[in-house]
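The next block is run_13.cif, given as mmCIF, C-alpha atoms and all ligand atoms.
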data_my_file
loop_
_atom_site.label_atom_id
_atom_site.label_comp_id
_atom_site.auth_asym_id
_atom_site.auth_seq_id
_atom_site.Cartn_x
_atom_site.Cartn_y
_atom_site.Cartn_z
CA MET J 1 -27.80 42.49 33.61
CA THR J 2 -27.16 41.40 37.20
CA MET J 3 -27.57 37.73 37.75
CA PRO J 4 -28.08 35.90 41.03
CA GLU J 5 -24.76 34.60 42.20
CA THR J 6 -23.94 30.92 42.17
CA SER J 7 -23.41 31.03 45.88
CA ALA J 8 -22.67 28.16 48.22
CA THR J 9 -25.68 26.00 48.94
CA THR J 10 -27.30 26.14 52.36
CA ALA J 11 -25.89 22.75 53.31
CA GLU J 12 -22.33 23.79 52.44
CA THR J 13 -22.66 26.97 54.45
CA ALA J 14 -23.79 25.01 57.45
CA GLY J 15 -20.86 22.61 57.07
CA VAL J 16 -23.14 19.63 56.60
CA GLU J 17 -22.24 16.72 54.34
CA VAL J 18 -24.55 16.65 51.36
CA LEU J 19 -25.95 13.35 50.18
CA ARG J 20 -24.82 13.76 46.61
CA PRO J 21 -22.21 16.44 45.87
CA HIS J 22 -22.12 17.99 42.40
CA ALA J 23 -19.52 16.58 40.01
CA GLU J 24 -17.37 19.73 40.25
CA ASP J 25 -17.19 19.30 44.04
CA ALA J 26 -16.86 15.52 44.15
CA PHE J 27 -14.01 15.58 41.63
CA ALA J 28 -12.55 18.99 42.49
CA ASP J 29 -9.06 17.51 43.03
CA GLU J 30 -9.01 15.89 39.61
CA LEU J 31 -10.26 19.07 37.92
CA THR J 32 -7.60 21.18 39.66
CA ALA J 33 -4.84 18.74 38.72
CA LEU J 34 -6.03 18.67 35.12
CA ALA J 35 -6.16 22.47 34.90
CA ALA J 36 -2.60 22.67 36.23
CA ALA J 37 -1.28 20.08 33.78
CA ASP J 38 -3.22 21.42 30.80
CA ASP J 39 -1.18 23.61 28.46
CA ARG J 40 -3.36 23.26 25.39
CA PRO J 41 -5.50 26.11 24.06
CA ARG J 42 -8.84 26.58 25.82
CA PRO J 43 -11.92 27.93 24.06
CA ALA J 44 -13.27 31.19 25.50
CA ARG J 45 -14.34 30.78 29.15
CA TRP J 46 -13.56 27.08 29.24
CA ARG J 47 -11.88 25.90 32.43
CA LEU J 48 -9.98 23.22 30.49
CA SER J 49 -8.92 22.47 26.94
CA PRO J 50 -11.05 20.00 24.97
CA TRP J 51 -8.28 17.43 25.41
CA ALA J 52 -8.36 17.83 29.19
CA VAL J 53 -12.17 17.65 29.27
CA ALA J 54 -12.03 14.35 27.35
CA THR J 55 -9.35 13.06 29.72
CA TYR J 56 -11.53 14.00 32.69
CA LEU J 57 -14.43 11.98 31.20
CA LEU J 58 -12.42 8.99 29.99
CA GLY J 59 -9.71 8.82 32.64
CA GLY J 60 -5.93 8.74 32.38
CA THR J 61 -2.70 9.48 34.22
CA LEU J 62 -1.20 12.97 34.22
CA PRO J 63 2.57 13.60 33.86
CA ASP J 64 2.79 14.33 37.62
CA GLY J 65 1.28 10.93 38.40
CA THR J 66 -2.25 12.11 39.28
CA VAL J 67 -4.76 9.44 38.31
CA ILE J 68 -7.95 10.67 36.65
CA THR J 69 -10.71 8.11 37.16
CA PRO J 70 -12.84 7.23 34.14
CA LYS J 71 -16.32 8.70 34.45
CA TYR J 72 -17.60 7.30 31.16
CA VAL J 73 -16.74 3.79 30.02
CA GLY J 74 -17.29 3.41 26.32
CA PRO J 75 -15.99 4.42 22.91
CA ARG J 76 -13.46 7.26 23.18
CA ARG J 77 -14.72 8.81 19.94
CA ILE J 78 -18.16 9.48 21.42
CA ILE J 79 -16.70 11.72 24.11
CA GLU J 80 -14.33 13.40 21.65
CA VAL J 81 -17.23 14.27 19.35
CA ALA J 82 -19.34 15.51 22.28
CA VAL J 83 -16.57 17.75 23.62
CA THR J 84 -15.74 19.10 20.17
CA THR J 85 -19.40 19.95 19.59
CA LEU J 86 -19.44 22.09 22.72
CA ALA J 87 -16.61 24.17 21.30
CA THR J 88 -18.64 24.92 18.16
CA ASP J 89 -21.78 26.99 17.81
CA ARG J 90 -23.99 23.92 17.74
CA ALA J 91 -25.55 22.55 20.89
CA LEU J 92 -25.11 18.94 22.03
CA LEU J 93 -27.92 16.41 22.25
CA LEU J 94 -27.16 13.18 24.09
CA LEU J 95 -29.59 10.53 22.95
CA GLY J 96 -30.03 6.93 24.01
CA VAL J 97 -32.12 4.33 25.79
CA PRO J 98 -32.62 4.77 29.56
CA GLY J 99 -29.62 4.21 31.75
CA THR J 100 -26.90 4.83 29.17
CA ALA J 101 -25.30 7.62 31.25
CA LYS J 102 -26.75 10.60 29.34
CA THR J 103 -27.40 12.62 32.48
CA TRP J 104 -24.13 11.49 34.01
CA VAL J 105 -22.07 12.51 30.96
CA SER J 106 -23.94 15.82 30.70
CA GLU J 107 -23.18 16.68 34.32
CA HIS J 108 -19.49 15.84 34.02
CA LEU J 109 -19.12 17.72 30.75
CA ALA J 110 -20.64 20.85 32.28
CA ALA J 111 -18.45 20.48 35.37
CA ALA J 112 -15.27 20.13 33.31
CA VAL J 113 -16.05 22.81 30.72
CA SER J 114 -17.64 25.51 32.92
CA GLY J 115 -16.82 24.36 36.45
CA ASP J 116 -20.55 24.38 37.20
CA SER J 117 -23.05 21.63 36.44
CA THR J 118 -25.98 23.28 38.21
CA LEU J 119 -27.42 25.47 35.44
CA LEU J 120 -30.07 22.86 34.85
CA VAL J 121 -33.58 22.80 33.44
CA GLN J 122 -35.46 19.58 34.18
CA GLY J 123 -37.77 18.79 31.28
CA THR J 124 -41.24 17.52 32.12
CA ALA J 125 -44.62 17.67 30.42
CA GLY J 126 -45.30 20.70 32.63
CA THR J 127 -42.09 22.65 31.99
CA PRO J 128 -43.19 26.24 31.31
CA GLU J 129 -41.50 28.68 28.99
CA GLU J 130 -40.24 30.64 32.02
CA ALA J 131 -38.00 27.71 32.92
CA ILE J 132 -36.10 28.21 29.67
CA ARG J 133 -36.44 31.99 29.21
CA TYR J 134 -37.23 34.05 32.31
CA GLY J 135 -40.00 34.73 34.78
CA TRP J 136 -41.03 37.54 37.08
CA ASN J 137 -40.96 38.15 40.78
CA TYR J 138 -44.61 39.17 41.06
CA ALA J 139 -44.26 41.18 44.28
CA GLN J 140 -41.59 43.32 42.60
CA LEU J 141 -43.50 43.44 39.35
CA LEU J 142 -46.69 44.69 41.02
CA ALA J 143 -44.86 47.17 43.26
CA HIS J 144 -42.49 48.66 40.70
CA GLY J 145 -43.54 47.44 37.29
CA PRO J 146 -41.29 45.48 34.91
CA SER J 147 -37.66 46.12 35.70
CA ARG J 148 -34.45 44.15 35.77
CA ASP J 149 -34.88 43.63 39.47
CA ALA J 150 -38.24 42.04 38.95
CA LEU J 151 -36.91 39.65 36.31
CA VAL J 152 -36.07 36.10 37.37
CA SER J 153 -33.51 34.57 35.05
CA SER J 154 -33.72 30.95 34.00
CA PRO J 155 -30.60 28.77 34.19
CA VAL J 156 -30.32 29.13 30.41
CA MET J 157 -30.41 32.92 30.63
CA ARG J 158 -27.71 32.90 33.29
CA ALA J 159 -25.55 30.57 31.22
CA MET J 160 -25.92 32.96 28.26
CA ALA J 161 -24.95 36.01 30.31
CA GLU J 162 -21.97 34.31 31.90
CA GLY J 163 -20.71 32.23 28.96
CA MET J 164 -21.38 28.92 30.67
CA THR J 165 -22.85 25.51 29.87
CA ALA J 166 -26.59 25.11 30.43
CA ARG J 167 -28.15 21.67 30.73
CA VAL J 168 -31.62 20.66 29.61
CA GLU J 169 -32.67 17.24 30.89
CA GLU J 170 -35.27 15.14 29.05
CA LEU J 171 -35.74 17.63 26.24
CA THR J 172 -38.38 15.54 24.49
CA ARG J 173 -40.68 15.55 27.50
CA ILE J 174 -41.06 19.30 27.16
CA PRO J 175 -44.13 20.38 25.16
CA ALA J 176 -43.27 21.30 21.56
CA ASP J 177 -44.10 25.01 21.86
CA VAL J 178 -41.91 25.38 24.93
CA GLN J 179 -39.07 23.48 23.24
CA ASP J 180 -39.26 25.99 20.44
CA SER J 181 -38.25 28.82 22.75
CA LEU J 182 -34.78 27.30 22.50
CA ILE J 183 -34.61 27.95 18.77
CA THR J 184 -33.89 31.70 18.97
CA ILE J 185 -31.50 31.12 21.82
CA LEU J 186 -29.53 28.54 19.86
CA SER J 187 -29.59 30.17 16.45
CA GLU J 188 -29.56 33.89 17.23
CA LYS J 189 -27.67 33.45 20.52
CA THR J 190 -29.90 36.06 22.02
CA LEU J 191 -32.87 36.15 24.36
CA PRO J 192 -35.18 39.11 23.83
CA VAL J 193 -36.96 40.60 26.84
CA PRO J 194 -39.70 42.60 25.09
CA GLU J 195 -41.20 43.79 28.40
CA LEU J 196 -38.04 45.79 29.04
CA GLY J 197 -37.19 46.52 25.41
CA GLN J 198 -33.91 44.70 26.00
CA GLU J 199 -32.16 41.48 25.16
CA VAL J 200 -29.57 39.22 26.71
CA GLN J 201 -26.84 38.30 24.27
CA ALA J 202 -24.97 35.09 24.79
CA VAL J 203 -21.36 35.55 25.81
CA ARG J 204 -18.73 33.32 24.18
CA GLY J 205 -18.46 30.08 26.04
CA PHE J 206 -22.23 29.61 26.23
CA ASN J 207 -23.63 26.33 25.01
CA VAL J 208 -26.38 23.85 25.79
CA ILE J 209 -26.23 20.12 26.54
CA ALA J 210 -29.60 18.42 26.25
CA THR J 211 -30.44 14.82 27.00
CA ALA J 212 -33.32 12.80 25.60
CA ASN J 213 -34.31 9.21 25.80
CA ASP J 214 -35.52 7.48 22.69
CA ARG J 215 -37.48 4.73 24.41
CA ASP J 216 -40.03 6.39 26.71
CA ARG J 217 -43.63 6.60 25.74
CA GLY J 218 -45.48 9.90 25.80
CA ILE J 219 -42.64 12.01 24.51
CA ASN J 220 -42.84 14.92 22.11
CA ASP J 221 -40.82 14.83 18.94
CA LEU J 222 -38.10 17.36 18.42
CA SER J 223 -39.08 19.77 15.69
CA SER J 224 -36.74 19.63 12.74
CA ALA J 225 -35.94 23.31 13.28
CA LEU J 226 -34.68 22.52 16.75
CA ARG J 227 -32.98 19.29 15.78
CA ARG J 228 -30.86 21.17 13.24
CA ARG J 229 -29.42 23.27 16.06
CA PHE J 230 -28.12 20.20 17.82
CA ASN J 231 -25.35 17.76 17.09
CA THR J 232 -26.75 14.42 18.18
CA VAL J 233 -24.48 11.94 19.94
CA VAL J 234 -26.00 8.55 20.65
CA LEU J 235 -24.81 6.82 23.82
CA PRO J 236 -24.91 3.04 23.25
CA LEU J 237 -25.50 0.23 25.72
CA PRO J 238 -22.23 -1.34 26.86
CA ALA J 239 -20.88 -3.43 23.98
CA THR J 240 -19.68 -6.42 26.01
CA ALA J 241 -20.53 -8.07 29.30
CA GLU J 242 -17.02 -7.31 30.54
CA ALA J 243 -17.49 -3.58 29.88
CA GLU J 244 -20.81 -3.64 31.68
CA VAL J 245 -19.35 -5.48 34.69
CA ASP J 246 -16.60 -2.86 34.76
CA ILE J 247 -19.13 0.01 34.76
CA VAL J 248 -21.30 -1.59 37.44
CA SER J 249 -18.41 -2.43 39.76
CA ARG J 250 -16.85 1.03 39.46
CA ARG J 251 -20.09 2.82 40.23
CA VAL J 252 -21.10 0.44 43.01
CA ASP J 253 -17.69 0.93 44.55
CA GLN J 254 -18.14 4.72 44.49
CA ILE J 255 -21.72 4.63 45.72
CA GLY J 256 -20.83 2.04 48.36
CA ARG J 257 -18.12 4.31 49.65
CA SER J 258 -20.43 7.27 49.89
CA LEU J 259 -22.99 5.14 51.74
CA ASP J 260 -20.21 3.82 54.00
CA LEU J 261 -21.10 0.21 53.34
CA PRO J 262 -18.50 -2.32 54.37
CA GLY J 263 -17.80 -5.34 52.22
CA GLY J 264 -16.06 -3.79 49.26
CA LEU J 265 -16.14 -5.63 46.00
CA GLU J 266 -15.67 -9.26 46.93
CA GLY J 267 -18.96 -9.92 45.22
CA ILE J 268 -17.59 -9.52 41.69
CA ALA J 269 -18.95 -12.96 40.76
CA GLU J 270 -22.39 -11.81 41.82
CA ILE J 271 -22.05 -8.61 39.79
CA ARG J 272 -21.13 -10.70 36.77
CA ARG J 273 -24.24 -12.78 37.36
CA VAL J 274 -26.56 -9.75 37.56
CA VAL J 275 -25.06 -8.34 34.36
CA THR J 276 -25.39 -11.72 32.61
CA VAL J 277 -29.06 -12.05 33.58
CA PHE J 278 -29.81 -8.48 32.47
CA ARG J 279 -28.00 -8.82 29.16
CA GLU J 280 -29.57 -12.17 28.31
CA LEU J 281 -33.09 -10.95 29.05
CA ARG J 282 -32.46 -7.71 27.16
CA ASP J 283 -31.01 -9.49 24.12
CA GLY J 284 -33.64 -12.23 24.12
CA VAL J 285 -31.02 -14.95 23.85
CA THR J 286 -28.54 -16.64 26.21
CA ALA J 287 -24.89 -15.52 26.19
CA ASP J 288 -23.81 -18.64 24.29
CA GLY J 289 -26.39 -17.84 21.63
CA ARG J 290 -28.07 -21.27 22.02
CA THR J 291 -31.37 -20.58 23.75
CA LYS J 292 -33.92 -17.99 22.75
CA ILE J 293 -35.76 -16.33 25.62
CA LYS J 294 -38.47 -13.71 25.85
CA SER J 295 -37.61 -10.15 26.86
CA PRO J 296 -39.56 -8.54 29.71
CA SER J 297 -41.12 -5.07 29.45
CA GLY J 298 -38.59 -3.25 31.66
CA THR J 299 -35.44 -1.76 30.17
CA LEU J 300 -32.98 -3.65 32.43
CA SER J 301 -30.39 -0.95 31.97
CA THR J 302 -26.90 -0.73 33.38
CA ALA J 303 -28.28 1.85 35.80
CA GLU J 304 -30.74 -0.73 37.14
CA ALA J 305 -27.98 -3.32 37.47
CA ILE J 306 -26.07 -0.76 39.55
CA SER J 307 -29.00 -0.29 41.88
CA VAL J 308 -29.68 -4.04 42.23
CA VAL J 309 -26.06 -4.58 43.27
CA THR J 310 -26.01 -1.56 45.60
CA ASN J 311 -29.15 -2.76 47.35
CA GLY J 312 -27.70 -6.26 47.52
CA LEU J 313 -24.56 -4.93 49.17
CA ALA J 314 -26.64 -3.06 51.73
CA LEU J 315 -28.56 -6.26 52.52
CA ALA J 316 -25.30 -8.18 52.85
CA ALA J 317 -23.82 -5.48 55.08
CA HIS J 318 -26.75 -5.13 57.44
CA PHE J 319 -28.21 -8.62 57.51
CA GLY J 320 -25.49 -10.90 56.15
CA ASP J 321 -21.76 -11.31 56.64
CA GLY J 322 -20.89 -8.37 54.38
CA VAL J 323 -20.19 -10.48 51.31
CA LEU J 324 -22.58 -10.19 48.40
CA ARG J 325 -24.36 -13.51 47.85
CA PRO J 326 -27.06 -14.83 45.50
CA GLY J 327 -29.78 -14.25 48.09
CA ASP J 328 -28.88 -10.57 48.28
CA VAL J 329 -29.40 -9.88 44.60
CA ALA J 330 -32.27 -12.25 43.77
CA SER J 331 -35.09 -10.07 45.06
CA GLY J 332 -33.60 -6.96 43.43
CA ILE J 333 -33.41 -8.75 40.09
CA LEU J 334 -36.98 -9.94 40.46
CA GLY J 335 -38.10 -6.36 41.13
CA ALA J 336 -36.24 -5.02 38.10
CA VAL J 337 -37.47 -7.74 35.74
CA VAL J 338 -41.11 -7.97 36.79
CA ARG J 339 -42.56 -4.58 35.94
CA ASP J 340 -45.77 -5.85 34.46
CA PRO J 341 -47.02 -8.53 36.90
CA ALA J 342 -49.04 -10.38 34.27
CA THR J 343 -46.54 -10.93 31.46
CA ASP J 344 -43.14 -10.38 33.06
CA ARG J 345 -43.61 -12.88 35.85
CA VAL J 346 -44.18 -15.68 33.34
CA ILE J 347 -41.13 -14.61 31.34
CA TRP J 348 -38.99 -14.56 34.49
CA GLN J 349 -40.22 -17.96 35.68
CA GLU J 350 -39.46 -19.46 32.30
CA TYR J 351 -35.97 -17.97 32.38
CA VAL J 352 -35.33 -19.29 35.89
CA GLU J 353 -36.53 -22.80 35.02
CA THR J 354 -34.89 -23.16 31.61
CA VAL J 355 -31.68 -21.14 31.95
CA VAL J 356 -30.81 -20.54 35.61
CA ARG J 357 -31.62 -24.05 36.77
CA GLU J 358 -29.50 -25.75 34.15
CA ARG J 359 -26.42 -23.56 34.40
CA ASP J 360 -23.25 -24.87 36.11
CA GLY J 361 -22.45 -23.06 39.34
CA TRP J 362 -25.82 -21.33 39.50
CA LYS J 363 -27.51 -23.72 41.96
CA ASP J 364 -27.40 -21.24 44.86
CA PHE J 365 -28.80 -18.52 42.69
CA TYR J 366 -31.54 -20.82 41.44
CA ARG J 367 -32.50 -21.61 45.03
CA ALA J 368 -32.46 -17.90 45.93
CA CYS J 369 -34.74 -17.09 42.97
CA ARG J 370 -37.18 -19.79 44.03
CA GLU J 371 -37.18 -18.41 47.58
CA VAL J 372 -38.09 -14.89 46.55
CA GLY J 373 -40.95 -16.25 44.50
CA ALA J 374 -40.06 -17.24 41.00
N1 LIG F 401 -21.07 3.68 29.79
C1 LIG F 401 -21.14 4.06 31.07
N2 LIG F 401 -20.06 4.53 31.71
C2 LIG F 401 -20.11 4.91 32.99
N3 LIG F 401 -21.22 4.89 33.76
C3 LIG F 401 -22.34 4.42 33.18
C4 LIG F 401 -22.36 3.98 31.81
N4 LIG F 401 -23.61 3.56 31.52
C5 LIG F 401 -24.34 3.74 32.64
N5 LIG F 401 -23.60 4.26 33.63
C6 LIG F 401 -24.06 4.56 34.99
O1 LIG F 401 -25.47 4.47 34.98
C7 LIG F 401 -26.01 5.39 35.90
C8 LIG F 401 -27.28 6.01 35.34
O2 LIG F 401 -26.98 6.81 34.26
P1 LIG F 401 -27.88 8.07 33.88
O3 LIG F 401 -28.84 8.41 34.95
O4 LIG F 401 -26.95 9.12 33.41
O5 LIG F 401 -28.70 7.47 32.67
P2 LIG F 401 -29.61 8.22 31.61
O6 LIG F 401 -29.08 7.79 30.28
O7 LIG F 401 -29.67 9.66 31.91
O8 LIG F 401 -30.99 7.50 31.86
P3 LIG F 401 -32.48 8.08 31.71
O9 LIG F 401 -32.82 7.99 30.27
O10 LIG F 401 -33.27 7.12 32.54
O11 LIG F 401 -32.48 9.48 32.25
C9 LIG F 401 -24.95 6.39 36.24
O12 LIG F 401 -24.65 6.25 37.59
C10 LIG F 401 -23.75 5.98 35.42
O13 LIG F 401 -22.61 5.99 36.19
MG MG F 402 -31.21 10.96 32.50
#
As structure tokens, please, write out the structure in this file.
Amino acid sequence: MTMPETSATTAETAGVEVLRPHAEDAFADELTALAAADDRPRPARWRLSPWAVATYLLGGTLPDGTVITPKYVGPRRIIEVAVTTLATDRALLLLGVPGTAKTWVSEHLAAAVSGDSTLLVQGTAGTPEEAIRYGWNYAQLLAHGPSRDALVSSPVMRAMAEGMTARVEELTRIPADVQDSLITILSEKTLPVPELGQEVQAVRGFNVIATANDRDRGINDLSSALRRRFNTVVLPLPATAEAEVDIVSRRVDQIGRSLDLPGGLEGIAEIRRVVTVFRELRDGVTADGRTKIKSPSGTLSTAEAISVVTNGLALAAHFGDGVLRPGDVASGILGAVVRDPATDRVIWQEYVETVVRERDGWKDFYRACREVGA
């Protein structure tokens, strides 16, 4: 079956800088260096060995001195299990609360294993079966009847035909009957096309990485038939404040560079403060374990801490002296914490008055919080 080629995107052709390059482009140098240094056995159609894929995700230094930056910061075993799963005939399900890097890990795994992270199905309540199986080009269909030329492959179908990694984002948002179209694909490794009396058989190297979030409301359960086809790997929240500060500063540094913001990372103290506030509110208790506090309705994930700090840096760059200060993060924190104006605002005010106000070295931050309306 002829498949549409994974050709260069329009922006690349035109020589324009894209806003967010795919992982395989952004980290092309690292992937090339890893492939050159990698002498371990590679599963069929894998660009790298499982060891090299794990090194790409977790970071390390190659014998020739090339530094591989860590993409995922967290327990090594989690990545090892995820990579190993992809080399088996079971699919991989990355599960976790929002902002635990499920999408991020999925993209980097696909980039390292198949060299292509773009075979992606975005799950929503309106995802139709065609997005997972195939659809038709109606002009062709009406003019010539069902034929291979009239068939429009889904990303999953292309991944099957080419032995690549397909990604399904937010699997549990997809209606249950549409989810079930994955069952034959994952267990029989085939996709029947009854209209043509044909089937597409998965080539070795094909696998699926799905992500799902176990917190959101309005999600559909995974049927047990489907769940059995997946190995589930749970991505945890960062275990310690230090780990979380590390994640936030690394990502902010990368994002900052791609937004060309000056200032760098002199604001590490401010990052530590954002992370402390988020962790305390999330855990419902202060870091020293002494004071109980109420948790607001928002998730206050690491991902949100990253965006509060990035926005703060932009404020500092454009309207301050380039150094991140309490006033630059206060309004971002307020916005992240107060999702439900009625209950969250009270919780935030209580936190500001009982915790922030009393803490040594937090006077400036207390003043900044008061200014933005706590
Ligand atoms: N442990 C971690 N290591 C590295 N980066 C992390 C980690 N946790 C969060 N991040 C960062 O958080 C950001 C958001 O992650 P991502 O969008 O993948 O979350 P998600 O789990 O898919 O969330 P959602 O459930 O909302 O889709 C990414 O930029 C990622 O770099
Ligand atoms: Mg996601």
When the cut-off is 10 Å and you count all atoms listed in the file, which residues lie near ligand MG 402 (chain F), shown as a PDB file with C-alpha atoms, keeping the file's coordinate frame?
ATOM      1  CA  LEU J  94     -27.160  13.180  24.090  1.00  0.00           C
ATOM      2  CA  LEU J  95     -29.590  10.530  22.950  1.00  0.00           C
ATOM      3  CA  GLY J  96     -30.030   6.930  24.010  1.00  0.00           C
ATOM      4  CA  VAL J  97     -32.120   4.330  25.790  1.00  0.00           C
ATOM      5  CA  PRO J  98     -32.620   4.770  29.560  1.00  0.00           C
ATOM      6  CA  GLY J  99     -29.620   4.210  31.750  1.00  0.00           C
ATOM      7  CA  THR J 100     -26.900   4.830  29.170  1.00  0.00           C
ATOM      8  CA  ALA J 101     -25.300   7.620  31.250  1.00  0.00           C
ATOM      9  CA  LYS J 102     -26.750  10.600  29.340  1.00  0.00           C
ATOM     10  CA  THR J 103     -27.400  12.620  32.480  1.00  0.00           C
ATOM     11  CA  TRP J 104     -24.130  11.490  34.010  1.00  0.00           C
ATOM     12  CA  VAL J 105     -22.070  12.510  30.960  1.00  0.00           C
ATOM     13  CA  SER J 106     -23.940  15.820  30.700  1.00  0.00           C
ATOM     14  CA  GLN J 122     -35.460  19.580  34.180  1.00  0.00           C
ATOM     15  CA  GLU J 169     -32.670  17.240  30.890  1.00  0.00           C
ATOM     16  CA  GLU J 170     -35.270  15.140  29.050  1.00  0.00           C
ATOM     17  CA  ALA J 210     -29.600  18.420  26.250  1.00  0.00           C
ATOM     18  CA  THR J 211     -30.440  14.820  27.000  1.00  0.00           C
ATOM     19  CA  ALA J 212     -33.320  12.800  25.600  1.00  0.00           C
ATOM     20  CA  ASN J 213     -34.310   9.210  25.800  1.00  0.00           C
TER      21      ASN J 213
END
>> I want to know what sits within 12 Å of Gln179 in chain J, based on all atoms listed in the file, with residues of the same chain fewer than 3 positions away left out; could you give that as a count of residues only?
In response: 35
> Nearest to His108 in chain J among J:Glu304, J:Glu188, J:Asp64, J:Glu30, with distances taken over only C-alpha atoms: which residue is it?
Replying inline: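 For His108 in chain J, the nearest of the given residues is J:Glu30.
Nearest to Gly205 in chain J of all the residues J:Leu92, J:Ala87, J:Leu151, J:Val277 is J:Ala87, counting all atoms listed in the file.
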>> Could you tell me how far CA of Asp116 in chain J sits from CA of Ser147 in chain J, in Å to one decimal place?
In response: 27.7 Å
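If you measure from each of J:Gly267, J:Pro192, J:Gly115, J:Pro75 to Val245 in chain J using all atoms listed in the file, the closest one turns out to be J:Gly267.
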Centre and edge lengths, as lines of an AutoDock Vina configuration file, for the axis-aligned box enclosing every listed atom of ligand LIG 401 (chain F) with 4 Å of padding on each of the six sides, in Å to one decimal?
center_x = -26.7
center_y = 6.6
center_z = 33.7
size_x = 21.2
size_y = 14.1
size_z = 15.8
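From CA of Ala303 in chain J back to CA of Ala287 in chain J, the distance works out to 20.1 Å.
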> Between atom N1 of ligand LIG 401 (chain F) and CA of Pro238 in chain J, what is the spacing in Å?
Replying inline: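 Computing it gives 5.9 Å between the two atoms.
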> Got a sec to check which residues sit within 8 Å of (-27.3, 29.8, 28.8), counting all atoms listed in the file, and write them as a list in words?
Replying inline: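 Final list of nearby residues, as requested, is Leu119, Pro155, Val156, Met157, Arg158, Ala159, Met160, Ala161, Glu162, Gly163, Met164, Thr165, Ala166, Ala202, Phe206, Asn207 and Val208 of chain J.
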>> Here is a test: counting only C-alpha atoms and all ligand atoms, which residue of J:Glu107, J:Asp344, J:Glu195, J:Asp283 is nearest to ligand LIG 401 (chain F)?
In response: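 Of the candidates, the smallest distance to ligand LIG 401 (chain F) is held by J:Glu107.
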>> Measuring between all atoms listed in the file, which one of J:Leu196, J:Ile78, J:Ala23, J:Val309 shows the shortest distance to Ala111 in chain J?
In response: J:Ala23
